[in-house]
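Student: Input file: entry.pdb. Contents: PDB, C-alpha atoms and all ligand atoms.
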ATOM      1  CA  MET A 243     -65.376 -55.710  30.609
ATOM      2  CA  ARG A 244     -66.115 -57.049  34.100
ATOM      3  CA  THR A 245     -64.750 -56.081  37.488
ATOM      4  CA  ASP A 246     -65.715 -56.707  41.085
ATOM      5  CA  LYS A 247     -63.998 -53.487  42.140
ATOM      6  CA  SER A 248     -65.430 -49.993  42.205
ATOM      7  CA  ILE A 249     -64.267 -47.551  39.564
ATOM      8  CA  VAL A 250     -63.321 -44.225  41.138
ATOM      9  CA  LEU A 251     -63.125 -41.124  38.964
ATOM     10  CA  VAL A 252     -60.732 -38.399  40.053
ATOM     11  CA  GLY A 253     -59.802 -35.078  38.484
ATOM     12  CA  LEU A 254     -60.281 -31.351  38.736
ATOM     13  CA  MET A 255     -63.578 -29.503  38.843
ATOM     14  CA  GLY A 256     -64.972 -29.464  35.325
ATOM     15  CA  SER A 257     -63.130 -32.574  34.166
ATOM     16  CA  GLY A 258     -66.469 -34.343  33.691
ATOM     17  CA  LYS A 259     -66.393 -36.848  36.546
ATOM     18  CA  SER A 260     -70.160 -36.817  37.116
ATOM     19  CA  ALA A 261     -71.242 -36.674  33.471
ATOM     20  CA  VAL A 262     -68.758 -39.351  32.416
ATOM     21  CA  GLY A 263     -69.411 -41.388  35.561
ATOM     22  CA  ARG A 264     -73.147 -41.654  34.841
ATOM     23  CA  ARG A 265     -72.462 -42.867  31.310
ATOM     24  CA  LEU A 266     -69.722 -45.229  32.412
ATOM     25  CA  ALA A 267     -72.014 -46.777  35.044
ATOM     26  CA  ARG A 268     -74.651 -47.420  32.377
ATOM     27  CA  ARG A 269     -72.102 -49.074  30.093
ATOM     28  CA  LEU A 270     -70.778 -51.277  32.913
ATOM     29  CA  ALA A 271     -74.226 -51.961  34.433
ATOM     30  CA  MET A 272     -73.003 -50.696  37.797
ATOM     31  CA  PRO A 273     -74.613 -48.173  40.150
ATOM     32  CA  PHE A 274     -73.408 -44.572  39.903
ATOM     33  CA  VAL A 275     -72.677 -42.592  43.069
ATOM     34  CA  ASP A 276     -71.584 -38.964  43.300
ATOM     35  CA  ALA A 277     -69.545 -38.400  46.478
ATOM     36  CA  ASP A 278     -70.360 -34.669  46.617
ATOM     37  CA  GLU A 279     -74.090 -35.476  46.583
ATOM     38  CA  GLU A 280     -73.606 -37.996  49.380
ATOM     39  CA  ILE A 281     -71.707 -35.409  51.438
ATOM     40  CA  THR A 282     -74.407 -32.757  51.025
ATOM     41  CA  ALA A 283     -77.089 -35.339  51.858
ATOM     42  CA  ALA A 284     -75.214 -36.356  55.027
ATOM     43  CA  ALA A 285     -74.646 -32.730  56.041
ATOM     44  CA  GLY A 286     -78.119 -31.541  55.080
ATOM     45  CA  CYS A 287     -76.726 -28.465  53.345
ATOM     46  CA  SER A 288     -74.834 -27.389  50.228
ATOM     47  CA  ILE A 289     -71.057 -27.527  49.810
ATOM     48  CA  ASN A 290     -70.991 -23.721  49.785
ATOM     49  CA  ASP A 291     -72.793 -23.749  53.139
ATOM     50  CA  ILE A 292     -70.455 -26.387  54.604
ATOM     51  CA  PHE A 293     -67.419 -24.270  53.626
ATOM     52  CA  GLU A 294     -69.028 -21.092  54.953
ATOM     53  CA  LEU A 295     -70.421 -22.475  58.214
ATOM     54  CA  TYR A 296     -67.753 -25.011  59.190
ATOM     55  CA  GLY A 297     -64.722 -24.340  56.963
ATOM     56  CA  GLU A 298     -62.873 -26.368  54.357
ATOM     57  CA  ALA A 299     -61.165 -28.649  56.935
ATOM     58  CA  ALA A 300     -64.566 -29.852  58.170
ATOM     59  CA  PHE A 301     -65.638 -30.497  54.578
ATOM     60  CA  ARG A 302     -62.480 -32.561  53.968
ATOM     61  CA  ASP A 303     -63.170 -34.547  57.118
ATOM     62  CA  GLY A 304     -66.696 -35.349  56.006
ATOM     63  CA  GLU A 305     -65.470 -36.113  52.498
ATOM     64  CA  ARG A 306     -62.923 -38.634  53.821
ATOM     65  CA  LYS A 307     -65.546 -40.403  55.961
ATOM     66  CA  VAL A 308     -68.217 -40.504  53.275
ATOM     67  CA  ILE A 309     -65.820 -41.884  50.655
ATOM     68  CA  ALA A 310     -64.546 -44.531  53.102
ATOM     69  CA  ARG A 311     -68.143 -45.621  53.656
ATOM     70  CA  LEU A 312     -68.931 -45.672  49.939
ATOM     71  CA  LEU A 313     -65.849 -47.776  49.188
ATOM     72  CA  ASP A 314     -67.214 -50.438  51.563
ATOM     73  CA  ASP A 315     -70.392 -50.703  49.489
ATOM     74  CA  ALA A 316     -70.936 -53.010  46.530
ATOM     75  CA  PRO A 317     -68.916 -52.182  43.399
ATOM     76  CA  GLN A 318     -69.994 -48.893  41.879
ATOM     77  CA  VAL A 319     -68.799 -46.077  39.687
ATOM     78  CA  LEU A 320     -67.886 -43.333  42.142
ATOM     79  CA  ALA A 321     -67.320 -39.722  41.094
ATOM     80  CA  THR A 322     -65.237 -37.946  43.746
ATOM     81  CA  GLY A 323     -64.879 -34.213  44.356
ATOM     82  CA  GLY A 324     -61.700 -32.696  42.938
ATOM     83  CA  GLY A 325     -59.913 -32.512  46.288
ATOM     84  CA  ALA A 326     -60.712 -36.018  47.530
ATOM     85  CA  PHE A 327     -57.769 -37.844  45.947
ATOM     86  CA  MET A 328     -55.376 -35.316  47.537
ATOM     87  CA  ASP A 329     -56.104 -36.854  50.932
ATOM     88  CA  PRO A 330     -53.490 -39.566  51.632
ATOM     89  CA  ASP A 331     -55.933 -41.810  53.561
ATOM     90  CA  THR A 332     -58.525 -41.623  50.819
ATOM     91  CA  ARG A 333     -55.867 -42.272  48.189
ATOM     92  CA  ALA A 334     -54.612 -45.351  50.050
ATOM     93  CA  ARG A 335     -58.138 -46.673  50.530
ATOM     94  CA  ILE A 336     -58.910 -46.216  46.851
ATOM     95  CA  ALA A 337     -55.655 -47.975  45.903
ATOM     96  CA  ASP A 338     -56.591 -50.930  48.160
ATOM     97  CA  THR A 339     -60.172 -51.410  47.092
ATOM     98  CA  ALA A 340     -60.859 -49.820  43.700
ATOM     99  CA  ILE A 341     -59.588 -48.890  40.274
ATOM    100  CA  SER A 342     -58.891 -45.181  39.960
ATOM    101  CA  VAL A 343     -59.234 -43.229  36.736
ATOM    102  CA  TRP A 344     -57.949 -39.667  36.347
ATOM    103  CA  LEU A 345     -59.980 -37.645  33.882
ATOM    104  CA  ARG A 346     -57.355 -35.219  32.661
ATOM    105  CA  ALA A 347     -58.379 -31.936  31.059
ATOM    106  CA  GLY A 348     -56.654 -28.745  29.960
ATOM    107  CA  LEU A 349     -57.106 -25.354  31.603
ATOM    108  CA  ASP A 350     -59.323 -23.839  28.871
ATOM    109  CA  THR A 351     -61.696 -26.796  29.062
ATOM    110  CA  LEU A 352     -61.909 -26.615  32.858
ATOM    111  CA  VAL A 353     -62.533 -22.857  32.818
ATOM    112  CA  ALA A 354     -65.241 -23.172  30.161
ATOM    113  CA  ARG A 355     -66.999 -26.071  31.875
ATOM    114  CA  THR A 356     -67.035 -24.541  35.364
ATOM    115  CA  ARG A 357     -68.144 -21.066  34.230
ATOM    116  CA  LYS A 358     -71.873 -21.735  34.204
ATOM    117  CA  ARG A 359     -72.411 -22.614  37.855
ATOM    118  CA  ASP A 360     -71.372 -21.116  41.190
ATOM    119  CA  HIS A 361     -71.712 -24.091  43.539
ATOM    120  CA  ARG A 362     -67.936 -24.567  43.929
ATOM    121  CA  PRO A 363     -66.588 -22.460  46.820
ATOM    122  CA  LEU A 364     -62.934 -22.696  45.749
ATOM    123  CA  LEU A 365     -63.743 -20.997  42.435
ATOM    124  CA  ASN A 366     -65.335 -18.050  44.226
ATOM    125  CA  GLU A 367     -62.072 -17.297  46.041
ATOM    126  CA  GLY A 368     -60.478 -15.461  43.137
ATOM    127  CA  ASP A 369     -60.289 -15.482  39.358
ATOM    128  CA  PRO A 370     -61.428 -19.030  38.480
ATOM    129  CA  ARG A 371     -58.748 -19.390  35.803
ATOM    130  CA  ASP A 372     -56.005 -18.530  38.311
ATOM    131  CA  VAL A 373     -57.479 -20.894  40.907
ATOM    132  CA  LEU A 374     -57.741 -23.761  38.426
ATOM    133  CA  ASP A 375     -54.241 -23.079  37.108
ATOM    134  CA  ARG A 376     -52.834 -23.258  40.647
ATOM    135  CA  LEU A 377     -54.798 -26.409  41.431
ATOM    136  CA  MET A 378     -53.484 -28.023  38.236
ATOM    137  CA  GLN A 379     -49.902 -27.425  39.406
ATOM    138  CA  GLU A 380     -50.651 -28.796  42.865
ATOM    139  CA  ARG A 381     -52.853 -31.698  41.979
ATOM    140  CA  TYR A 382     -51.856 -33.109  38.604
ATOM    141  CA  PRO A 383     -48.727 -34.832  39.958
ATOM    142  CA  ILE A 384     -50.946 -36.552  42.556
ATOM    143  CA  TYR A 385     -53.793 -37.380  40.171
ATOM    144  CA  ALA A 386     -51.111 -39.008  38.002
ATOM    145  CA  GLN A 387     -50.858 -41.738  40.663
ATOM    146  CA  ALA A 388     -54.277 -43.046  39.581
ATOM    147  CA  ASP A 389     -54.314 -46.498  37.963
ATOM    148  CA  LEU A 390     -55.422 -45.034  34.633
ATOM    149  CA  THR A 391     -55.300 -41.633  32.987
ATOM    150  CA  VAL A 392     -57.874 -40.795  30.337
ATOM    151  CA  ASP A 393     -58.100 -37.474  28.536
ATOM    152  CA  SER A 394     -61.474 -35.836  29.034
ATOM    153  CA  ARG A 395     -62.658 -35.410  25.461
ATOM    154  CA  GLU A 396     -63.861 -32.069  24.186
ATOM    155  CA  GLU A 397     -66.603 -33.426  21.996
ATOM    156  CA  SER A 398     -68.747 -35.302  24.502
ATOM    157  CA  ALA A 399     -68.968 -37.133  27.796
ATOM    158  CA  ASP A 400     -70.021 -40.196  25.762
ATOM    159  CA  ALA A 401     -66.709 -40.186  23.897
ATOM    160  CA  THR A 402     -64.819 -39.940  27.192
ATOM    161  CA  ALA A 403     -66.880 -42.756  28.722
ATOM    162  CA  ASP A 404     -65.998 -44.917  25.699
ATOM    163  CA  ALA A 405     -62.319 -44.083  26.195
ATOM    164  CA  VAL A 406     -62.548 -45.084  29.872
ATOM    165  CA  VAL A 407     -64.142 -48.435  28.977
ATOM    166  CA  GLU A 408     -61.333 -49.028  26.483
ATOM    167  CA  ALA A 409     -58.648 -48.174  29.061
ATOM    168  CA  LEU A 410     -60.302 -50.425  31.666
ATOM    169  CA  THR A 411     -60.499 -53.262  29.170
ATOM    170  CA  ASP A 412     -56.802 -52.896  28.387
ATOM    171  CA  LEU A 413     -56.018 -52.991  32.105
ATOM    172  CA  LEU A 414     -58.298 -55.840  33.151
ATOM    173  CA  GLU A 415     -58.427 -58.011  30.068
ATOM    174  CA  PRO A 416     -55.071 -57.659  28.353
ATOM    175  CA  GLY A 417     -54.948 -59.645  25.156
ATOM    176  CA  SER A 418     -58.710 -59.475  24.655
ATOM    177  CA  GLY A 419     -58.182 -57.525  21.457
ATOM    178  CA  GLY A 420     -59.522 -54.328  22.962
ATOM    179  CA  GLU A 421     -56.119 -52.674  23.302
ATOM    180  CA  SER A 422     -55.937 -49.147  22.074
ATOM    181  CA  VAL A 423     -53.393 -48.345  19.406
ATOM    182  CA  PRO A 424     -50.285 -46.937  21.094
ATOM    183  CA  ARG A 425     -49.946 -43.213  20.512
TER     184      ARG A 425
HETATM  185  C1  LIG A 501     -63.587 -29.401  45.181
HETATM  186  C2  LIG A 501     -64.317 -29.919  44.148
HETATM  187  C3  LIG A 501     -65.778 -30.027  44.180
HETATM  188  C4  LIG A 501     -66.287 -30.117  45.627
HETATM  189  C5  LIG A 501     -65.740 -28.985  46.434
HETATM  190  C6  LIG A 501     -64.214 -28.949  46.460
HETATM  191  C7  LIG A 501     -62.111 -29.338  45.055
HETATM  192  O1  LIG A 501     -66.199 -31.182  43.461
HETATM  193  O2  LIG A 501     -65.920 -31.342  46.206
HETATM  194  O3  LIG A 501     -66.263 -27.791  45.905
HETATM  195  O4  LIG A 501     -61.409 -29.202  46.062
HETATM  196  O5  LIG A 501     -61.598 -29.455  43.904
HETATM  197  P1  LIG A 501     -66.167 -31.309  41.835
HETATM  198  O6  LIG A 501     -64.757 -31.662  41.460
HETATM  199  O7  LIG A 501     -67.105 -32.437  41.580
HETATM  200  O8  LIG A 501     -66.619 -30.014  41.284
END
What do you get writing this file as structure tokens?
Tutor:
Amino acid sequence: MRTDKSIVLVGLMGSGKSAVGRRLARRLAMPFVDADEEITAAAGCSINDIFELYGEAAFRDGERKVIARLLDDAPQVLATGGGAFMDPDTRARIADTAISVWLRAGLDTLVARTRKRDHRPLLNEGDPRDVLDRLMQERYPIYAQADLTVDSREESADATADAVVEALTDLLEPGSGGESVPR
């Protein structure tokens, strides 16, 4: 599977964007970039600190600028933070320049995967299950606008990365024999 476009992973916190993105980049021989890491590098502090010191709106501003810059770079696999695709400008820019993939996951999976770490300010604002449930209602209809939807697999990030490669192959090389069996 070959593409001269970036592959942008979108989805909620805990959907596996970074873990799957790293594996996907290796399979496609493309660089992997994590937008959240780029934002913290540009700001010189953690996402928790950005939220606390400057507020969420400032974070979203920085996120929009950093992603716009990254999309101008050479093709890459780009893992975005869970809120990035909710921004209309970012969504339009991704649609123009890249292939977007929504890693879809169920609530139990998201809760389990986000439990171990406390670097996500939105999940410290209340019961994480309630927050994630609310974000699913708000965001899933928007994430569904991505070019591809792939279920984030329970068993491993490797299995999900394989499923993304298969979906990309179906999209970019129809008739190559790589089509998945319709479910
Ligand atoms: C956020 C998700 C986080 C990070 C920030 C806000 C969100 O990224 O960008 O805490 O709004 O869903 P991950 O999805 O990589 O955890």
Student: Can you work out which one of A:Ala401, A:Ala321, A:Leu364, A:Ala354 has the shortest atom-to-atom distance to Phe293 of chain A, counting all atoms listed in the file?
Tutor: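 Closest candidate: A:Leu364.
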Student: Please identify all protein, DNA and RNA residues within 6 Å of ligand LIG 501 (chain A), counting all atoms listed in the file, and report them as a CSV table (one decimal) with C-alpha atoms, in the coordinates of the input.
Tutor:
chain,number,residue,atom,x,y,z
A,254,LEU,CA,-60.3,-31.4,38.7
A,255,MET,CA,-63.6,-29.5,38.8
A,278,ASP,CA,-70.4,-34.7,46.6
A,323,GLY,CA,-64.9,-34.2,44.4
A,324,GLY,CA,-61.7,-32.7,42.9
A,325,GLY,CA,-59.9,-32.5,46.3
A,362,ARG,CA,-67.9,-24.6,43.9
A,363,PRO,CA,-66.6,-22.5,46.8
Student: Can you pull out the residues contacting Arg355 of chain A? Cut-off 9 Å, using only C-alpha atoms, and skip same-chain residues under 3 positions away; I want them as a list in words.
Tutor: Met255, Gly256, Ser257, Gly258, Asp350, Thr351, Leu352, Lys358 and Arg359 of chain A
Student: With the file shown as input, list the residues that the PyMOL selection byres (((chain A and resi 408) around 12) and not hetatm) selects, as a compact mmCIF listing (two decimals) with C-alpha atoms, in the coordinates of the input.
Tutor:
# COMPACT_ATOMS: atom_id res chain seq x y z
CA MET A 243 -65.38 -55.71 30.61
CA LEU A 266 -69.72 -45.23 32.41
CA ARG A 269 -72.10 -49.07 30.09
CA LEU A 270 -70.78 -51.28 32.91
CA VAL A 343 -59.23 -43.23 36.74
CA LEU A 390 -55.42 -45.03 34.63
CA THR A 391 -55.30 -41.63 32.99
CA VAL A 392 -57.87 -40.80 30.34
CA ALA A 401 -66.71 -40.19 23.90
CA THR A 402 -64.82 -39.94 27.19
CA ALA A 403 -66.88 -42.76 28.72
CA ASP A 404 -66.00 -44.92 25.70
CA ALA A 405 -62.32 -44.08 26.20
CA VAL A 406 -62.55 -45.08 29.87
CA VAL A 407 -64.14 -48.44 28.98
CA ALA A 409 -58.65 -48.17 29.06
CA LEU A 410 -60.30 -50.42 31.67
CA THR A 411 -60.50 -53.26 29.17
CA ASP A 412 -56.80 -52.90 28.39
CA LEU A 413 -56.02 -52.99 32.10
CA LEU A 414 -58.30 -55.84 33.15
CA GLU A 415 -58.43 -58.01 30.07
CA PRO A 416 -55.07 -57.66 28.35
CA SER A 418 -58.71 -59.48 24.66
CA GLY A 419 -58.18 -57.52 21.46
CA GLY A 420 -59.52 -54.33 22.96
CA GLU A 421 -56.12 -52.67 23.30
CA SER A 422 -55.94 -49.15 22.07
CA VAL A 423 -53.39 -48.34 19.41
Student: I need the residue nearest Asp276 of chain A from this list: A:Glu305, A:Asp331, A:Glu298, A:Asp291. Use only C-alpha atoms for the distance.
Tutor: A:Glu305
Student: For segment 272-281 of chain A, I'd like the enclosing box, axis-aligned and padded by 5 Å on every side, reported as lines of an AutoDock Vina configuration file with centre and edge lengths in Å to one decimal.
Tutor:
center_x = -72.1
center_y = -42.7
center_z = 44.6
size_x = 15.1
size_y = 26.0
size_z = 23.6
Student: Rank nothing, just name the residue among A:Ala300, A:Ile249, A:Cys287, A:Ile281 nearest to Thr339 of chain A, using all atoms listed in the file.
Tutor: A:Ile249
Student: Which protein, DNA or RNA residues have an atom at most 8 Å from (-56.0, -35.7, 33.9), counting all atoms listed in the file? List them as an MDAnalysis selection string.
Tutor: chainID A and resid 253:254 257 344:347 382 385:386 391:394
Student: Mind pulling up the distance from atom CA of Val308 of chain A to atom CA of Leu349 of chain A?
Tutor: 28.7 Å
Student: Separation of atom CA of Ser342 of chain A and atom CA of Asp389 of chain A, in Å?
Tutor: 5.2 Å
